[in-house]
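work.cif (mmCIF, C-alpha atoms)
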```
data_work
loop_
_atom_site.label_atom_id
_atom_site.label_comp_id
_atom_site.auth_asym_id
_atom_site.auth_seq_id
_atom_site.Cartn_x
_atom_site.Cartn_y
_atom_site.Cartn_z
CA MET A 169 198.54 -31.93 287.89
CA LYS A 170 195.48 -31.54 290.08
CA LYS A 171 197.27 -28.91 292.06
CA PHE A 172 198.19 -27.03 288.89
CA ILE A 173 194.59 -27.05 287.66
CA THR A 174 193.33 -25.86 291.02
CA VAL A 175 195.79 -22.96 291.09
CA PHE A 176 194.95 -22.09 287.49
CA LEU A 177 191.22 -21.95 288.28
CA ILE A 178 191.81 -19.76 291.33
CA VAL A 179 193.85 -17.33 289.18
CA ILE A 180 191.10 -17.24 286.53
CA LEU A 181 188.44 -16.58 289.16
CA LEU A 182 190.47 -13.80 290.75
CA PHE A 183 191.07 -12.25 287.32
CA ALA A 184 187.38 -12.40 286.48
CA SER A 185 186.25 -11.00 289.78
CA THR A 186 188.73 -8.15 289.53
CA PHE A 187 187.48 -7.02 286.14
CA SER A 188 183.85 -7.65 286.91
CA GLY A 189 184.09 -4.99 289.61
CA CYS A 190 185.52 -2.44 287.18
CA THR A 191 183.39 -0.38 284.85
CA LEU A 192 184.58 1.76 282.03
CA GLU A 193 183.81 5.29 283.05
CA THR A 194 182.68 7.46 280.19
CA LYS A 195 182.61 11.09 281.10
CA ARG A 196 179.13 12.32 280.54
CA PRO A 197 178.73 15.88 279.43
CA GLU A 198 177.46 18.08 282.22
CA LYS A 199 173.81 18.97 281.90
CA THR A 200 173.50 22.64 281.18
CA THR A 201 169.93 23.72 281.85
CA LYS A 202 169.69 26.63 279.50
CA LYS A 203 167.29 29.20 280.79
CA PRO A 204 164.66 30.19 278.25
CA GLU A 205 165.35 33.60 276.86
CA THR A 206 163.11 36.35 278.16
CA THR A 207 161.02 37.81 275.36
CA TYR A 208 159.79 41.38 275.37
CA PHE A 209 157.27 43.05 273.11
CA SER A 210 157.62 46.76 272.35
CA PHE A 211 154.69 48.85 271.14
CA LYS A 212 152.92 52.20 271.45
CA ASP A 213 149.70 52.26 273.42
CA ASP A 214 146.82 54.70 272.86
CA LEU A 215 148.45 57.29 275.11
CA ASN A 216 151.28 57.24 272.57
CA ARG A 217 153.67 55.81 275.17
CA GLU A 218 156.48 53.46 274.20
CA LEU A 219 156.00 50.30 276.29
CA LYS A 220 158.17 47.22 276.59
CA ILE A 221 156.44 44.27 278.25
CA LYS A 222 157.60 40.73 278.98
CA VAL A 223 155.49 38.24 277.03
CA PRO A 224 153.43 36.21 277.19
CA VAL A 225 151.67 37.98 280.05
CA SER A 226 150.27 35.44 282.51
CA SER A 227 147.84 37.56 284.55
CA VAL A 228 145.71 40.57 283.62
CA VAL A 229 143.22 42.97 285.18
CA SER A 230 140.78 44.59 282.76
CA LEU A 231 139.37 48.03 283.54
CA ALA A 232 136.99 48.20 280.57
CA PRO A 233 134.24 45.86 279.30
CA SER A 234 135.66 46.02 275.76
CA HIS A 235 139.07 44.76 276.97
CA THR A 236 137.39 41.94 278.86
CA GLU A 237 135.50 40.89 275.72
CA VAL A 238 138.71 40.94 273.69
CA ILE A 239 140.54 38.71 276.20
CA PHE A 240 137.74 36.14 276.22
CA ALA A 241 137.46 36.23 272.41
CA LEU A 242 141.17 35.42 272.23
CA GLY A 243 140.60 32.35 274.40
CA LYS A 244 142.62 33.76 277.30
CA GLY A 245 139.89 34.29 279.89
CA GLN A 246 141.82 32.18 282.39
CA LYS A 247 144.42 34.94 282.59
CA LEU A 248 141.89 37.49 283.85
CA LYS A 249 142.38 38.08 287.57
CA GLY A 250 139.95 40.97 287.88
CA VAL A 251 137.34 42.95 285.91
CA THR A 252 134.95 45.88 286.48
CA VAL A 253 131.34 45.50 287.57
CA PHE A 254 130.35 46.58 284.05
CA CYS A 255 132.12 43.61 282.44
CA ASN A 256 129.02 41.54 281.68
CA TYR A 257 130.02 39.62 278.55
CA PRO A 258 130.58 36.77 278.02
CA GLU A 259 128.77 35.04 280.88
CA GLU A 260 132.10 33.87 282.36
CA ALA A 261 133.14 37.49 282.87
CA LYS A 262 130.47 37.87 285.57
CA LYS A 263 132.25 35.22 287.66
CA LYS A 264 135.58 37.05 287.73
CA PRO A 265 136.65 39.05 290.84
CA LYS A 266 135.35 42.62 290.63
CA VAL A 267 137.77 45.52 291.14
CA GLY A 268 135.15 48.26 291.23
CA ASP A 269 133.44 50.19 288.48
CA PHE A 270 134.77 51.72 285.28
CA PHE A 271 135.06 55.21 286.79
CA ASN A 272 136.48 54.42 290.22
CA PRO A 273 138.29 51.06 290.40
CA ASN A 274 139.65 49.79 293.72
CA VAL A 275 143.40 50.47 293.55
CA GLU A 276 144.21 48.48 296.70
CA MET A 277 142.47 45.40 295.35
CA ILE A 278 144.23 45.66 291.97
CA VAL A 279 147.62 45.96 293.70
CA LYS A 280 146.77 42.97 295.91
CA LEU A 281 145.99 40.84 292.84
CA LYS A 282 149.55 41.52 291.55
CA PRO A 283 148.70 41.31 287.84
CA ASP A 284 151.47 41.29 285.24
CA LEU A 285 149.46 43.86 283.32
CA VAL A 286 146.44 46.14 283.66
CA LEU A 287 144.46 47.14 280.56
CA ALA A 288 142.93 50.61 280.91
CA VAL A 289 141.38 53.43 278.87
CA LYS A 290 142.47 57.03 278.64
CA GLY A 291 140.75 60.13 279.91
CA ILE A 292 138.80 59.26 283.04
CA GLN A 293 141.35 56.61 284.11
CA ASN A 294 144.49 58.74 283.61
CA SER A 295 145.11 59.46 287.30
CA LEU A 296 144.49 55.80 288.15
CA ILE A 297 147.08 54.76 285.56
CA ARG A 298 149.73 56.90 287.29
CA THR A 299 148.79 55.50 290.71
CA LEU A 300 149.07 51.90 289.53
CA GLU A 301 152.42 52.52 287.85
CA ASN A 302 153.69 54.16 291.03
CA ASN A 303 152.84 50.87 292.73
CA GLY A 304 154.98 48.95 290.25
CA ILE A 305 152.14 47.66 288.07
CA GLN A 306 152.44 47.84 284.29
CA VAL A 307 149.51 49.49 282.53
CA ALA A 308 148.71 49.51 278.80
CA VAL A 309 146.05 51.89 277.51
CA PHE A 310 143.77 50.96 274.62
CA ASP A 311 140.95 53.32 273.63
CA ALA A 312 140.05 52.88 269.95
CA THR A 313 138.18 55.65 268.13
CA SER A 314 137.98 53.83 264.79
CA LEU A 315 137.56 50.31 263.46
CA LYS A 316 141.16 50.36 262.26
CA ASP A 317 142.41 51.29 265.73
CA CYS A 318 140.19 48.62 267.28
CA ALA A 319 141.75 45.97 265.04
CA LYS A 320 145.25 47.25 265.83
CA ASP A 321 144.62 47.16 269.58
CA ILE A 322 143.24 43.62 269.44
CA LYS A 323 146.32 42.46 267.57
CA ILE A 324 148.60 44.05 270.19
CA ILE A 325 146.63 42.44 273.04
CA GLY A 326 146.92 39.14 271.19
CA LYS A 327 150.72 39.44 271.12
CA LEU A 328 150.79 40.34 274.80
CA LEU A 329 148.71 37.30 275.78
CA GLY A 330 150.20 34.78 273.37
CA ALA A 331 147.21 34.59 271.03
CA GLU A 332 148.60 36.24 267.90
CA LYS A 333 146.87 34.03 265.33
CA LYS A 334 143.39 34.47 266.80
CA ALA A 335 143.97 38.21 267.22
CA GLU A 336 144.96 38.51 263.56
CA GLU A 337 141.76 36.73 262.51
CA ILE A 338 139.52 38.99 264.60
CA GLY A 339 141.39 42.18 263.70
CA ASN A 340 141.26 41.47 259.97
CA ALA A 341 137.54 40.61 260.17
CA ILE A 342 136.83 44.00 261.80
CA VAL A 343 138.85 45.93 259.21
CA ASN A 344 137.08 44.09 256.38
CA ALA A 345 133.59 44.42 257.89
CA SER A 346 132.76 47.53 255.84
CA SER A 347 133.35 45.63 252.59
CA ASN A 348 130.27 43.53 253.37
CA TYR A 349 127.83 46.41 252.90
CA GLU A 350 127.01 48.79 250.08
CA LYS A 351 126.87 52.53 250.68
CA THR A 352 123.19 53.44 251.04
CA GLY A 353 123.58 57.23 250.98
CA LYS A 354 121.16 57.37 253.91
CA LYS A 355 121.78 60.01 256.58
CA VAL A 356 121.85 58.36 259.99
CA PHE A 357 121.59 60.01 263.41
CA ILE A 358 122.24 58.14 266.66
CA GLU A 359 121.06 59.43 270.04
CA ILE A 360 123.47 58.62 272.87
CA SER A 361 121.89 60.86 275.52
CA PRO A 362 118.61 62.87 275.53
CA ASP A 363 119.30 65.75 277.93
CA PRO A 364 121.39 67.32 276.64
CA LEU A 365 120.97 65.67 273.26
CA ILE A 366 124.29 63.96 272.50
CA THR A 367 125.35 61.97 269.44
CA ALA A 368 128.44 60.24 268.08
CA GLY A 369 130.58 62.68 266.10
CA LYS A 370 133.83 62.69 264.15
CA ASN A 371 136.62 60.41 265.30
CA SER A 372 134.30 58.26 267.36
CA PHE A 373 134.06 54.51 267.21
CA ILE A 374 130.29 54.57 266.68
CA SER A 375 130.56 57.01 263.79
CA ASP A 376 132.99 54.62 262.10
CA ALA A 377 130.57 51.73 262.65
CA ILE A 378 127.68 53.63 261.02
CA LYS A 379 129.82 54.36 257.96
CA ALA A 380 130.96 50.73 257.79
CA ALA A 381 127.29 49.70 257.79
CA GLY A 382 126.69 51.81 254.67
CA GLY A 383 125.24 54.94 256.26
CA ILE A 384 126.31 58.58 256.48
CA ASN A 385 126.78 59.62 260.08
CA VAL A 386 125.25 63.10 260.43
CA GLY A 387 126.76 63.33 263.91
CA ASP A 388 130.04 64.28 262.24
CA GLU A 389 128.46 67.68 261.53
CA PHE A 390 128.28 68.49 265.24
CA GLY A 391 131.92 68.01 266.21
CA GLU A 392 134.37 65.37 267.43
CA GLY A 393 133.83 62.58 269.92
CA TYR A 394 130.38 62.83 271.49
CA PRO A 395 129.13 66.39 270.91
CA ILE A 396 125.98 68.14 272.10
CA VAL A 397 123.47 68.51 269.28
CA ASN A 398 121.87 71.76 268.19
CA PRO A 399 118.28 70.70 267.29
CA GLU A 400 117.93 73.47 264.68
CA LYS A 401 120.95 72.14 262.83
CA LEU A 402 119.57 68.62 263.10
CA PHE A 403 116.33 69.84 261.47
CA GLU A 404 118.39 71.30 258.59
CA ILE A 405 120.30 68.05 258.06
CA ASN A 406 117.01 66.10 258.22
CA PRO A 407 118.25 62.51 258.76
CA ASP A 408 116.66 59.53 257.00
CA VAL A 409 117.14 57.18 259.96
CA TYR A 410 117.15 57.85 263.71
CA LEU A 411 118.84 55.30 265.99
CA VAL A 412 118.32 55.32 269.75
CA SER A 413 120.45 53.66 272.44
CA LYS A 414 118.45 50.92 274.16
CA SER A 415 119.60 52.04 277.62
CA LEU A 416 117.69 55.34 277.22
CA ASN A 417 114.32 53.52 277.35
CA LEU A 418 112.85 55.77 274.65
CA LYS A 419 110.20 54.88 272.07
CA TYR A 420 109.26 56.38 268.72
CA GLU A 421 106.50 58.41 270.39
CA ASP A 422 108.97 59.94 272.86
CA ILE A 423 111.15 61.25 270.03
CA ALA A 424 108.24 62.34 267.82
CA LYS A 425 106.63 64.57 270.48
CA ARG A 426 109.74 66.70 271.00
CA PRO A 427 109.35 70.30 269.79
CA GLY A 428 110.06 70.52 266.05
CA PHE A 429 110.91 66.83 265.62
CA SER A 430 107.65 66.00 263.85
CA LYS A 431 108.96 67.69 260.69
CA LEU A 432 111.96 65.34 260.44
CA LYS A 433 111.92 62.89 257.55
CA CYS A 434 112.81 59.98 259.87
CA ILE A 435 109.81 60.80 262.09
CA LYS A 436 107.38 61.15 259.19
CA ASN A 437 108.51 57.82 257.74
CA ARG A 438 108.68 56.14 261.18
CA LYS A 439 112.34 55.31 260.67
CA VAL A 440 113.18 55.53 264.36
CA PHE A 441 114.79 52.35 265.70
CA VAL A 442 115.99 51.33 269.14
CA LEU A 443 119.24 49.36 269.11
CA PRO A 444 118.60 45.79 270.33
CA ASP A 445 121.89 45.86 272.27
CA ASP A 446 123.97 48.99 272.93
CA ASP A 447 127.09 47.03 273.80
CA ILE A 448 127.60 45.49 270.37
CA VAL A 449 127.73 48.98 268.87
CA GLN A 450 129.37 51.03 271.59
CA ARG A 451 132.20 48.71 272.68
CA PRO A 452 135.34 48.63 270.51
CA GLY A 453 135.74 44.88 270.59
CA PRO A 454 135.06 41.70 268.61
CA ARG A 455 131.26 42.06 268.70
CA ILE A 456 131.36 45.25 266.63
CA ILE A 457 131.18 42.96 263.58
CA LYS A 458 127.69 41.98 264.73
CA GLY A 459 126.97 45.62 265.62
CA ILE A 460 127.71 46.79 262.08
CA GLU A 461 125.42 44.08 260.73
CA VAL A 462 122.61 45.23 263.01
CA ILE A 463 123.02 48.89 262.03
CA ASN A 464 122.93 47.90 258.37
CA GLU A 465 119.68 45.98 258.90
CA LEU A 466 118.06 48.92 260.71
CA ILE A 467 119.01 51.61 258.19
CA ASN A 468 117.71 49.42 255.35
CA ARG A 469 114.28 48.72 256.86
#
```
Whole structure given in structure tokens:
Amino acid sequence: MKKFITVFLIVILLFASTFSGCTLETKRPEKTTKKPETTYFSFKDDLNRELKIKVPVSSVVSLAPSHTEVIFALGKGQKLKGVTVFCNYPEEAKKKPKVGDFFNPNVEMIVKLKPDLVLAVKGIQNSLIRTLENNGIQVAVFDATSLKDCAKDIKIIGKLLGAEKKAEEIGNAIVNASSNYEKTGKKVFIEISPDPLITAGKNSFISDAIKAAGGINVGDEFGEGYPIVNPEKLFEINPDVYLVSKSLNLKYEDIAKRPGFSKLKCIKNRKVFVLPDDDIVQRPGPRIIKGIEVINELINR
């Protein structure tokens, strides 16, 4: 009997050990690491070119102070790999690598930075745009001449950088800025340059800002963009308010002593005002909202 029990126990132990070494294999599904789909954004830039860019863009070089301000306002300053020496706002912009000035950026440095995208303006930077694209760098051109275009461009930049919601907020605030101020009926002249005398005319960003602030921009009478002013015609129009760019370092007395200017209504009434900050008025970016407010305050003094 003892022998039988011993044999039985040995059989049980062998049975147990055999099955304890076996595991039920369940075939696990193979891990398929699905690659995220590449997303592209198609749009027309201000050179009326159809562009298709992979988004969100991770690195940018800005060739205009207004573009730099937009990028920081969207909370994407960390994506800026280079800016111009004129990009002075916000304070963080001054710490970014400089790629030259607005008129003659350093192409070699821009190429070396290998940005996903360069933001440029048209006109003076046209040849640079072609050079950069020949070096395989994507360039988008934004050069707003109205508040509506400024808002549109900001919204496009927001989509490119992955900041759509913030861009919508800023863009809508710019479009709606004019609804904050009543039309004053006052004729406003702004001096951009003294010699020759240049103002902001039709289809210029500054002209749009003056109108949004409630004024009538008399510069529209002299042509489009930034036309040279015929003083005799200015005397005929006889503006109520005369605005002067701060960078010109001119005072009321400097304007008043010019030949024939003493007969202007704005001179007689001492309605000559120097802008406290040119950049908030002249740059098509987020701070134009403050610029419009400032113009409104000046023309209503």
Output of the PyMOL selection byres ((chain A and resi 321) around 12), listed as a PyMOL selection string: chain A and resi 211-214+234-235+238-239+287-289+308-320+322-328+332+335-336+338-340+342-343+452-454
Ser415 (chain A) surroundings by only C-alpha atoms, 10 Å radius, close-in-sequence under 2 positions cut, as a list in words: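 These residues fall inside the cut-off: Ile360, Ser361, Val412, Ser413, Asn417, Leu418, Val442, Leu443, Pro444, Asp445, Asp446 and Asp447 of chain A.
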The PyMOL selection byres ((chain A and resi 307) around 12) resolved against shown file, as a PyMOL selection string: chain A and resi 212-215+217-221+225+228-231+278-279+283-290+293-306+308-310
Gap from CA of Lys370 (chain A) to CA of Gly387 (chain A) - Å, one decimal: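 Straight-line distance from CA of Lys370 (chain A) to CA of Gly387 (chain A) works out to 7.1 Å.
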Counting all atoms listed in the file, the option among A:Ile358, A:Ile456, A:Ile448, A:Leu248 closest to Asp408 (chain A): A:Ile358
Give me, as a short mmCIF file (atom, residue, chain, number, x, y, z; two decimals) with C-alpha atoms, in the frame of the given file, all polymer residues having an atom no more than 10 Å from region 374-386 of chain A, counting all atoms listed in the file and skipping those fewer than 3 positions away in the same chain.
```cif
data_model
loop_
_atom_site.label_atom_id
_atom_site.label_comp_id
_atom_site.auth_asym_id
_atom_site.auth_seq_id
_atom_site.Cartn_x
_atom_site.Cartn_y
_atom_site.Cartn_z
CA THR A 313 138.18 55.65 268.13
CA SER A 314 137.98 53.83 264.79
CA LEU A 315 137.56 50.31 263.46
CA LYS A 316 141.16 50.36 262.26
CA ILE A 342 136.83 44.00 261.80
CA VAL A 343 138.85 45.93 259.21
CA ASN A 344 137.08 44.09 256.38
CA ALA A 345 133.59 44.42 257.89
CA SER A 346 132.76 47.53 255.84
CA SER A 347 133.35 45.63 252.59
CA ASN A 348 130.27 43.53 253.37
CA TYR A 349 127.83 46.41 252.90
CA GLU A 350 127.01 48.79 250.08
CA LYS A 351 126.87 52.53 250.68
CA THR A 352 123.19 53.44 251.04
CA GLY A 353 123.58 57.23 250.98
CA LYS A 354 121.16 57.37 253.91
CA LYS A 355 121.78 60.01 256.58
CA VAL A 356 121.85 58.36 259.99
CA PHE A 357 121.59 60.01 263.41
CA ILE A 358 122.24 58.14 266.66
CA THR A 367 125.35 61.97 269.44
CA ALA A 368 128.44 60.24 268.08
CA GLY A 369 130.58 62.68 266.10
CA LYS A 370 133.83 62.69 264.15
CA ASN A 371 136.62 60.41 265.30
CA GLU A 389 128.46 67.68 261.53
CA PHE A 390 128.28 68.49 265.24
CA GLU A 392 134.37 65.37 267.43
CA GLY A 393 133.83 62.58 269.92
CA TYR A 394 130.38 62.83 271.49
CA LEU A 402 119.57 68.62 263.10
CA ILE A 405 120.30 68.05 258.06
CA ASN A 406 117.01 66.10 258.22
CA PRO A 407 118.25 62.51 258.76
CA ASP A 408 116.66 59.53 257.00
CA VAL A 409 117.14 57.18 259.96
CA VAL A 449 127.73 48.98 268.87
CA GLN A 450 129.37 51.03 271.59
CA ARG A 451 132.20 48.71 272.68
CA PRO A 452 135.34 48.63 270.51
CA ILE A 456 131.36 45.25 266.63
CA ILE A 457 131.18 42.96 263.58
CA GLY A 459 126.97 45.62 265.62
CA ILE A 460 127.71 46.79 262.08
CA GLU A 461 125.42 44.08 260.73
CA VAL A 462 122.61 45.23 263.01
CA ILE A 463 123.02 48.89 262.03
CA ASN A 464 122.93 47.90 258.37
CA GLU A 465 119.68 45.98 258.90
CA LEU A 466 118.06 48.92 260.71
CA ILE A 467 119.01 51.61 258.19
CA ASN A 468 117.71 49.42 255.35
#
```
Work out where the centre of an axis-aligned box around every listed atom of region 432-440 of chain A lies and how long its edges are once 5 Å is added on each side; give both in Å to one decimal as JSON.
```
{"center_x": 110.3, "center_y": 60.3, "center_z": 261.0, "size_x": 15.8, "size_y": 20.0, "size_z": 16.8}
```
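If you measure from each of A:Ala424, A:Gln246, A:Asn216, A:Tyr410 to Val440 (chain A) using all atoms listed in the file, the closest one turns out to be A:Tyr410.
The space separating CA of Arg455 (chain A) from CA of Thr236 (chain A) comes to 11.9 Å.
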Distance in Å - CA of Phe403 (chain A) versus CA of Glu359 (chain A):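 Separation between CA of Phe403 (chain A) and CA of Glu359 (chain A): 14.3 Å.
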Shortest interatomic distance to Ala232 (chain A) - which of A:Arg469, A:Lys266, A:Lys247, A:Arg438, counting only C-alpha atoms: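 Closest candidate: A:Lys266.
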Pick from A:Glu237, A:Glu205, A:Glu276, A:Glu404, whichever lies nearest to Asn256 (chain A) using all atoms listed in the file: A:Glu237
Polymer residues at most 7 Å from Phe254 (chain A), all atoms listed in the file, same-chain spacing of 2 or more positions, as a PyMOL selection string: chain A and resi 233+252+256+269-270
